[in-house]
>>> print(open('start-v6.txt').read())   # compact mmCIF, C-alpha atoms
# COMPACT_ATOMS: atom_id res chain seq x y z
CA MET A 1 -14.96 12.92 -23.32
CA ASP A 2 -16.27 10.71 -20.51
CA PRO A 3 -15.11 12.01 -17.07
CA ASP A 4 -13.69 8.59 -16.14
CA ASP A 5 -11.70 8.44 -19.39
CA LEU A 6 -10.40 11.97 -18.83
CA GLU A 7 -9.39 11.11 -15.28
CA ALA A 8 -7.55 7.96 -16.44
CA THR A 9 -5.76 9.96 -19.14
CA LEU A 10 -4.64 12.66 -16.72
CA LEU A 11 -3.63 10.28 -13.92
CA GLY A 12 -2.03 7.62 -16.11
CA ALA A 13 -4.48 4.90 -15.02
CA PRO A 14 -8.10 4.62 -13.90
CA CYS A 15 -9.04 5.24 -10.26
CA GLU A 16 -9.92 1.72 -9.20
CA LEU A 17 -8.29 1.28 -5.78
CA THR A 18 -9.51 2.16 -2.29
CA ARG A 19 -7.15 3.27 0.47
CA ASP A 20 -7.32 -0.28 1.92
CA ASP A 21 -6.45 -1.74 -1.51
CA VAL A 22 -3.42 0.55 -1.65
CA ALA A 23 -2.24 -0.41 1.83
CA ASP A 24 -2.66 -4.11 1.00
CA ALA A 25 -0.86 -3.79 -2.36
CA VAL A 26 2.10 -2.02 -0.77
CA GLY A 27 2.09 -4.12 2.41
CA ILE A 28 1.86 -1.36 5.01
CA PRO A 29 -0.76 -0.47 7.61
CA GLU A 30 -3.60 1.71 6.31
CA PRO A 31 -2.81 4.65 8.67
CA GLN A 32 0.77 4.80 7.34
CA ALA A 33 -0.50 4.71 3.74
CA ARG A 34 -3.01 7.46 4.52
CA SER A 35 -0.28 9.62 6.09
CA LEU A 36 1.95 9.25 3.02
CA TRP A 37 -0.94 9.89 0.61
CA ASN A 38 -1.87 13.06 2.51
CA ALA A 39 1.77 14.19 2.22
CA MET A 40 1.53 13.60 -1.53
CA GLY A 41 -1.42 16.00 -1.70
CA PHE A 42 -4.28 13.52 -1.78
CA PRO A 43 -7.39 14.39 0.21
CA ASP A 44 -8.54 12.07 2.96
CA VAL A 45 -11.08 9.76 1.33
CA GLY A 46 -13.61 7.33 2.72
CA PRO A 47 -12.65 3.66 3.05
CA ALA A 48 -14.85 2.54 0.13
CA GLU A 49 -14.02 5.40 -2.28
CA ARG A 50 -12.02 4.31 -5.33
CA ALA A 51 -9.68 7.29 -5.57
CA PHE A 52 -6.27 5.76 -6.29
CA THR A 53 -4.54 4.32 -9.37
CA SER A 54 -1.87 1.69 -9.94
CA LYS A 55 0.50 4.60 -10.62
CA ASP A 56 -0.19 5.90 -7.11
CA VAL A 57 0.74 2.50 -5.70
CA GLU A 58 3.94 2.58 -7.75
CA ALA A 59 4.87 6.01 -6.33
CA LEU A 60 4.26 4.85 -2.77
CA ARG A 61 6.29 1.67 -3.33
CA THR A 62 9.17 3.74 -4.69
CA ALA A 63 9.21 6.03 -1.65
CA LEU A 64 9.11 3.06 0.72
CA GLU A 65 11.80 1.12 -1.21
CA LEU A 66 14.12 4.11 -0.93
CA ALA A 67 13.60 4.12 2.83
CA ALA A 68 13.97 0.34 3.15
CA THR A 69 17.27 0.30 1.27
CA GLY A 70 18.64 3.15 3.36
CA VAL A 71 18.81 5.62 0.48
CA VAL A 72 16.61 7.97 2.52
CA ASP A 73 15.60 8.00 6.18
CA ALA A 74 12.04 7.88 7.52
CA ASP A 75 11.75 11.68 7.74
CA THR A 76 12.93 12.08 4.17
CA VAL A 77 10.24 9.65 2.95
CA MET A 78 7.62 12.25 3.89
CA VAL A 79 9.51 14.98 2.01
CA LEU A 80 9.87 12.64 -0.96
CA ALA A 81 6.17 11.79 -0.83
CA ARG A 82 5.33 15.50 -0.85
CA SER A 83 7.54 16.08 -3.89
CA MET A 84 5.87 13.17 -5.73
CA GLY A 85 2.56 14.98 -5.33
CA HIS A 86 3.77 17.91 -7.44
CA GLU A 87 4.54 18.25 -11.12
CA LEU A 88 8.24 17.73 -11.70
CA PRO A 89 10.23 19.72 -14.26
CA ASP A 90 11.40 18.05 -17.45
CA VAL A 91 14.68 16.83 -15.98
CA ARG A 92 17.23 14.84 -17.96
CA ALA A 93 20.12 12.84 -16.53
CA GLY A 94 23.24 10.95 -17.54
CA VAL A 95 24.88 8.23 -15.45
CA ALA A 96 28.33 6.70 -15.92
CA LEU A 97 30.34 4.28 -13.81
CA GLY A 98 34.07 4.29 -13.23
CA PRO A 99 36.90 5.46 -11.01
CA LEU A 100 36.78 8.99 -9.62
CA LEU A 101 39.10 11.35 -7.85
CA VAL A 102 37.50 13.42 -5.10
CA ARG A 103 39.47 16.44 -3.97
CA LEU A 104 38.28 19.34 -1.82
CA GLY A 105 34.65 18.61 -2.63
CA ASP A 106 35.17 18.40 -6.39
CA VAL A 107 34.86 15.18 -8.39
CA TYR A 108 37.14 14.41 -11.34
CA GLY A 109 37.39 11.57 -13.82
CA ALA A 110 36.19 10.16 -17.12
CA PRO A 111 32.78 9.12 -15.67
CA VAL A 112 32.07 12.76 -14.74
CA ASN A 113 32.72 13.92 -18.28
CA LEU A 114 30.84 11.00 -19.79
CA ALA A 115 27.80 11.58 -17.55
CA SER A 116 27.81 15.22 -18.63
CA ARG A 117 27.82 14.25 -22.33
CA LEU A 118 25.02 11.73 -21.71
CA THR A 119 22.99 14.43 -19.96
CA ASP A 120 23.51 16.75 -22.93
CA GLU A 121 22.20 14.03 -25.27
CA ALA A 122 19.21 13.04 -23.10
CA ARG A 123 15.72 14.24 -23.91
CA PRO A 124 13.50 15.74 -21.20
CA ARG A 125 12.32 13.17 -18.63
CA THR A 126 14.87 10.55 -19.68
CA VAL A 127 17.97 8.98 -18.17
CA LEU A 128 20.83 7.88 -20.41
CA VAL A 129 23.54 5.56 -19.10
CA ASP A 130 26.92 4.42 -20.36
CA GLN A 131 27.85 0.84 -21.29
CA ALA A 132 29.32 0.08 -17.84
CA THR A 133 26.09 1.15 -16.11
CA ALA A 134 24.00 -0.77 -18.65
CA ASP A 135 26.10 -3.89 -17.98
CA ALA A 136 25.69 -3.45 -14.21
CA LEU A 137 21.89 -3.17 -14.54
CA ALA A 138 21.42 -5.79 -17.28
CA ASP A 139 20.22 -8.53 -14.91
CA ASP A 140 18.05 -6.25 -12.76
CA ALA A 141 14.39 -6.82 -13.66
CA SER A 142 13.51 -3.43 -12.13
CA TYR A 143 14.95 -1.67 -15.17
CA GLU A 144 14.56 -1.76 -18.92
CA LEU A 145 17.52 -0.76 -21.07
CA LYS A 146 17.30 0.24 -24.71
CA ARG A 147 20.48 0.64 -26.72
CA LEU A 148 20.39 3.85 -28.76
CA ARG A 149 22.25 4.73 -31.93
CA ARG A 150 25.95 5.46 -31.71
CA ARG A 151 26.91 9.12 -31.85
CA SER A 152 29.92 11.37 -31.74
CA VAL A 153 30.09 13.96 -28.95
CA ARG A 154 32.84 16.22 -27.64
CA GLY A 155 35.61 14.00 -26.28
CA TYR A 156 33.97 10.72 -27.39
CA ARG A 157 34.03 9.69 -31.04
CA SER A 158 31.87 6.63 -30.55
CA LEU A 159 29.39 6.95 -27.69
CA THR A 160 26.57 4.39 -27.51
CA PRO A 161 24.10 5.52 -24.84
CA HIS A 162 21.41 3.32 -23.33
CA LEU A 163 18.00 4.63 -22.38
CA LEU A 164 17.14 3.58 -18.81
CA ARG A 165 13.53 3.10 -17.75
CA ARG A 166 12.01 1.62 -14.63
CA THR A 167 9.84 -1.37 -15.45
CA SER A 168 6.15 -1.04 -14.70
CA VAL A 169 4.94 -2.40 -11.38
CA ASP A 170 1.31 -3.52 -11.35
CA ALA A 171 -0.83 -3.18 -8.26
>>> encode(input="start-v6.txt", output="structure tokens")
Amino acid sequence: MDPDDLEATLLGAPCELTRDDVADAVGIPEPQARSLWNAMGFPDVGPAERAFTSKDVEALRTALELAATGVVDADTVMVLARSMGHELPDVRAGVALGPLLVRLGDVYGAPVNLASRLTDEARPRTVLVDQATADALADDASYELKRLRRRSVRGYRSLTPHLLRRTSVDA
């Protein structure tokens, strides 16, 4: 196999961007991009070296969006960037919306049980959501929702999960 093809297969896209291209695509100063890339485990590369992929740009945008929306603070962005540079386990998740009761640090309610059932049904590296979450995200172009077949699970005779995926962001 050609080394460039192998690299593209392993990284999810070909290495066609320089560090300046990355900074421009994300809209941040090059020193900030370099600092975040180093935190993600990338070596310091020369200004003309094409060492980054569109997937790398996507990861950097995600970290910066989380900071911009207040989900994480500036210090946490560095920790998040470091974690993005490592292989993640095959996590699965379920998300459900609805009223909750919080008491002494515990959370109770139908959404808790429903999210648990969705997690049980999810395959590795997927997120399943309930109908209420799917409805809330239906108009958000950042996400793709795919309705899955109806199934019967403990406590829910007719559960119709939706597979949630983030839409691709091109550099």
>>> atom_distance(input="start-v6.txt", atom1="CA of Gln32 (chain A)", atom2="CA of Glu49 (chain A)")
17.7 Å
>>> closest_residue(input="start-v6.txt", among="A:Pro14, A:Pro161, A:Gly94, A:Gly155", to="Val127 (chain A)", atoms="all atoms listed in the file")
A:Gly94
>>> atom_distance(input="start-v6.txt", atom1="CA of Arg147 (chain A)", atom2="CA of Pro99 (chain A)")
23.2 Å
>>> closest_residue(input="start-v6.txt", among="A:Arg151, A:Ser142, A:Tyr108, A:Glu65", to="Arg165 (chain A)", atoms="all atoms listed in the file")
A:Ser142
>>> atom_distance(input="start-v6.txt", atom1="CA of Thr133 (chain A)", atom2="CA of Asp75 (chain A)")
29.8 Å
>>> closest_residue(input="start-v6.txt", among="A:Ala59, A:Ala23, A:Val112, A:Ala96", to="Ala132 (chain A)", atoms="all atoms listed in the file")
A:Ala96
>>> residues_around(input="start-v6.txt", residues="Arg50 (chain A)", least_positions_apart="5", cutoff="9 Å", atoms="all atoms listed in the file", output="compact mmCIF listing (two decimals) with C-alpha atoms, in the coordinates of the input")
# COMPACT_ATOMS: atom_id res chain seq x y z
CA CYS A 15 -9.04 5.24 -10.26
CA GLU A 16 -9.92 1.72 -9.20
CA LEU A 17 -8.29 1.28 -5.78
CA THR A 18 -9.51 2.16 -2.29
CA ARG A 19 -7.15 3.27 0.47
CA VAL A 45 -11.08 9.76 1.33
>>> closest_residue(input="start-v6.txt", among="A:Gly105, A:Pro111, A:Asp21, A:Asp135", to="Ala48 (chain A)", atoms="only C-alpha atoms")
A:Asp21
>>> residues_around(input="start-v6.txt", residues="Val91 (chain A)", least_positions_apart="5", cutoff="12 Å", atoms="all atoms listed in the file", output="ChimeraX atom specification")
/A:119-120,122-128
>>> residues_near_point(input="start-v6.txt", point="(-3.0, -2.3, 1.0)", cutoff="12 Å", atoms="only C-alpha atoms", output="PyMOL selection string")
chain A and resi 17-34+47+52+54+56-57+60-61+171
>>> closest_residue(input="start-v6.txt", among="A:Val129, A:Leu164, A:Ala39, A:Leu159", to="Leu145 (chain A)", atoms="only C-alpha atoms")
A:Leu164
>>> closest_residue(input="start-v6.txt", among="A:Val95, A:Ala63, A:Ala110, A:Ala51", to="Asp130 (chain A)", atoms="all atoms listed in the file")
A:Val95
>>> axis_aligned_box(input="start-v6.txt", around="region 96-109 of chain A", padding_each_side="6 Å", output="lines of an AutoDock Vina configuration file")
center_x = 33.9
center_y = 11.8
center_z = -8.9
size_x = 23.1
size_y = 27.1
size_z = 26.1
>>> residues_around(input="start-v6.txt", residues="Arg149 (chain A)", least_positions_apart="4", cutoff="12 Å", atoms="all atoms listed in the file", output="number ranges by chain")
A: 121, 158-163
>>> write_last_selection(input="start-v6.txt", atoms="C-alpha atoms", output="compact mmCIF listing (two decimals), keeping the file's coordinate frame")
# COMPACT_ATOMS: atom_id res chain seq x y z
CA GLU A 121 22.20 14.03 -25.27
CA SER A 158 31.87 6.63 -30.55
CA LEU A 159 29.39 6.95 -27.69
CA THR A 160 26.57 4.39 -27.51
CA PRO A 161 24.10 5.52 -24.84
CA HIS A 162 21.41 3.32 -23.33
CA LEU A 163 18.00 4.63 -22.38
>>> residues_near_point(input="start-v6.txt", point="(12.3, 1.4, -13.3)", cutoff="9 Å", atoms="only C-alpha atoms", output="ChimeraX atom specification")
/A:141-144,164-169
>>> decode(input="start-v6.txt", residues="region 118-138 of chain A", atoms="N, CA and C atoms", output="JSON list (two decimals), in the first residue's frame")
[["chain", "number", "residue", "atom", "x", "y", "z"],
["A", 118, "LEU", "N", -31.54, 3.38, 26.40],
["A", 118, "LEU", "CA", -30.93, 3.75, 25.13],
["A", 118, "LEU", "C", -29.44, 3.40, 25.12],
["A", 119, "THR", "N", -28.78, 3.62, 26.24],
["A", 119, "THR", "CA", -27.36, 3.26, 26.35],
["A", 119, "THR", "C", -27.18, 1.76, 26.19],
["A", 120, "ASP", "N", -28.06, 0.99, 26.81],
["A", 120, "ASP", "CA", -27.99, -0.47, 26.67],
["A", 120, "ASP", "C", -28.14, -0.91, 25.21],
["A", 121, "GLU", "N", -28.96, -0.21, 24.45],
["A", 121, "GLU", "CA", -29.23, -0.56, 23.06],
["A", 121, "GLU", "C", -28.17, -0.04, 22.09],
["A", 122, "ALA", "N", -27.41, 0.97, 22.51],
["A", 122, "ALA", "CA", -26.42, 1.60, 21.62],
["A", 122, "ALA", "C", -25.26, 0.65, 21.33],
["A", 123, "ARG", "N", -24.72, 0.79, 20.14],
["A", 123, "ARG", "CA", -23.51, 0.05, 19.78],
["A", 123, "ARG", "C", -22.30, 0.89, 20.18],
["A", 124, "PRO", "N", -21.12, 0.27, 20.27],
["A", 124, "PRO", "CA", -19.93, 1.05, 20.61],
["A", 124, "PRO", "C", -19.74, 2.24, 19.66],
["A", 125, "ARG", "N", -19.33, 3.36, 20.25],
["A", 125, "ARG", "CA", -19.07, 4.62, 19.53],
["A", 125, "ARG", "C", -20.31, 5.22, 18.90],
["A", 126, "THR", "N", -21.48, 5.00, 19.50],
["A", 126, "THR", "CA", -22.71, 5.62, 19.02],
["A", 126, "THR", "C", -23.43, 6.31, 20.16],
["A", 127, "VAL", "N", -24.30, 7.23, 19.79],
["A", 127, "VAL", "CA", -25.18, 7.92, 20.73],
["A", 127, "VAL", "C", -26.60, 7.72, 20.23],
["A", 128, "LEU", "N", -27.46, 7.18, 21.09],
["A", 128, "LEU", "CA", -28.87, 7.05, 20.77],
["A", 128, "LEU", "C", -29.65, 8.07, 21.60],
["A", 129, "VAL", "N", -30.67, 8.68, 20.99],
["A", 129, "VAL", "CA", -31.48, 9.67, 21.68],
["A", 129, "VAL", "C", -32.94, 9.30, 21.58],
["A", 130, "ASP", "N", -33.73, 9.83, 22.51],
["A", 130, "ASP", "CA", -35.17, 9.59, 22.50],
["A", 130, "ASP", "C", -35.86, 10.55, 21.54],
["A", 131, "GLN", "N", -37.17, 10.40, 21.39],
["A", 131, "GLN", "CA", -37.93, 11.24, 20.45],
["A", 131, "GLN", "C", -37.87, 12.71, 20.84],
["A", 132, "ALA", "N", -37.96, 13.02, 22.13],
["A", 132, "ALA", "CA", -37.93, 14.42, 22.57],
["A", 132, "ALA", "C", -36.60, 15.08, 22.21],
["A", 133, "THR", "N", -35.50, 14.37, 22.38],
["A", 133, "THR", "CA", -34.18, 14.91, 22.03],
["A", 133, "THR", "C", -34.07, 15.05, 20.52],
["A", 134, "ALA", "N", -34.56, 14.06, 19.79],
["A", 134, "ALA", "CA", -34.53, 14.12, 18.32],
["A", 134, "ALA", "C", -35.33, 15.33, 17.83],
["A", 135, "ASP", "N", -36.49, 15.58, 18.44],
["A", 135, "ASP", "CA", -37.30, 16.74, 18.06],
["A", 135, "ASP", "C", -36.56, 18.04, 18.35],
["A", 136, "ALA", "N", -35.88, 18.10, 19.49],
["A", 136, "ALA", "CA", -35.15, 19.31, 19.88],
["A", 136, "ALA", "C", -33.98, 19.59, 18.95],
["A", 137, "LEU", "N", -33.39, 18.55, 18.37],
["A", 137, "LEU", "CA", -32.22, 18.71, 17.51],
["A", 137, "LEU", "C", -32.55, 18.67, 16.01],
["A", 138, "ALA", "N", -33.83, 18.48, 15.69],
["A", 138, "ALA", "CA", -34.23, 18.29, 14.29],
["A", 138, "ALA", "C", -33.81, 19.43, 13.37]]
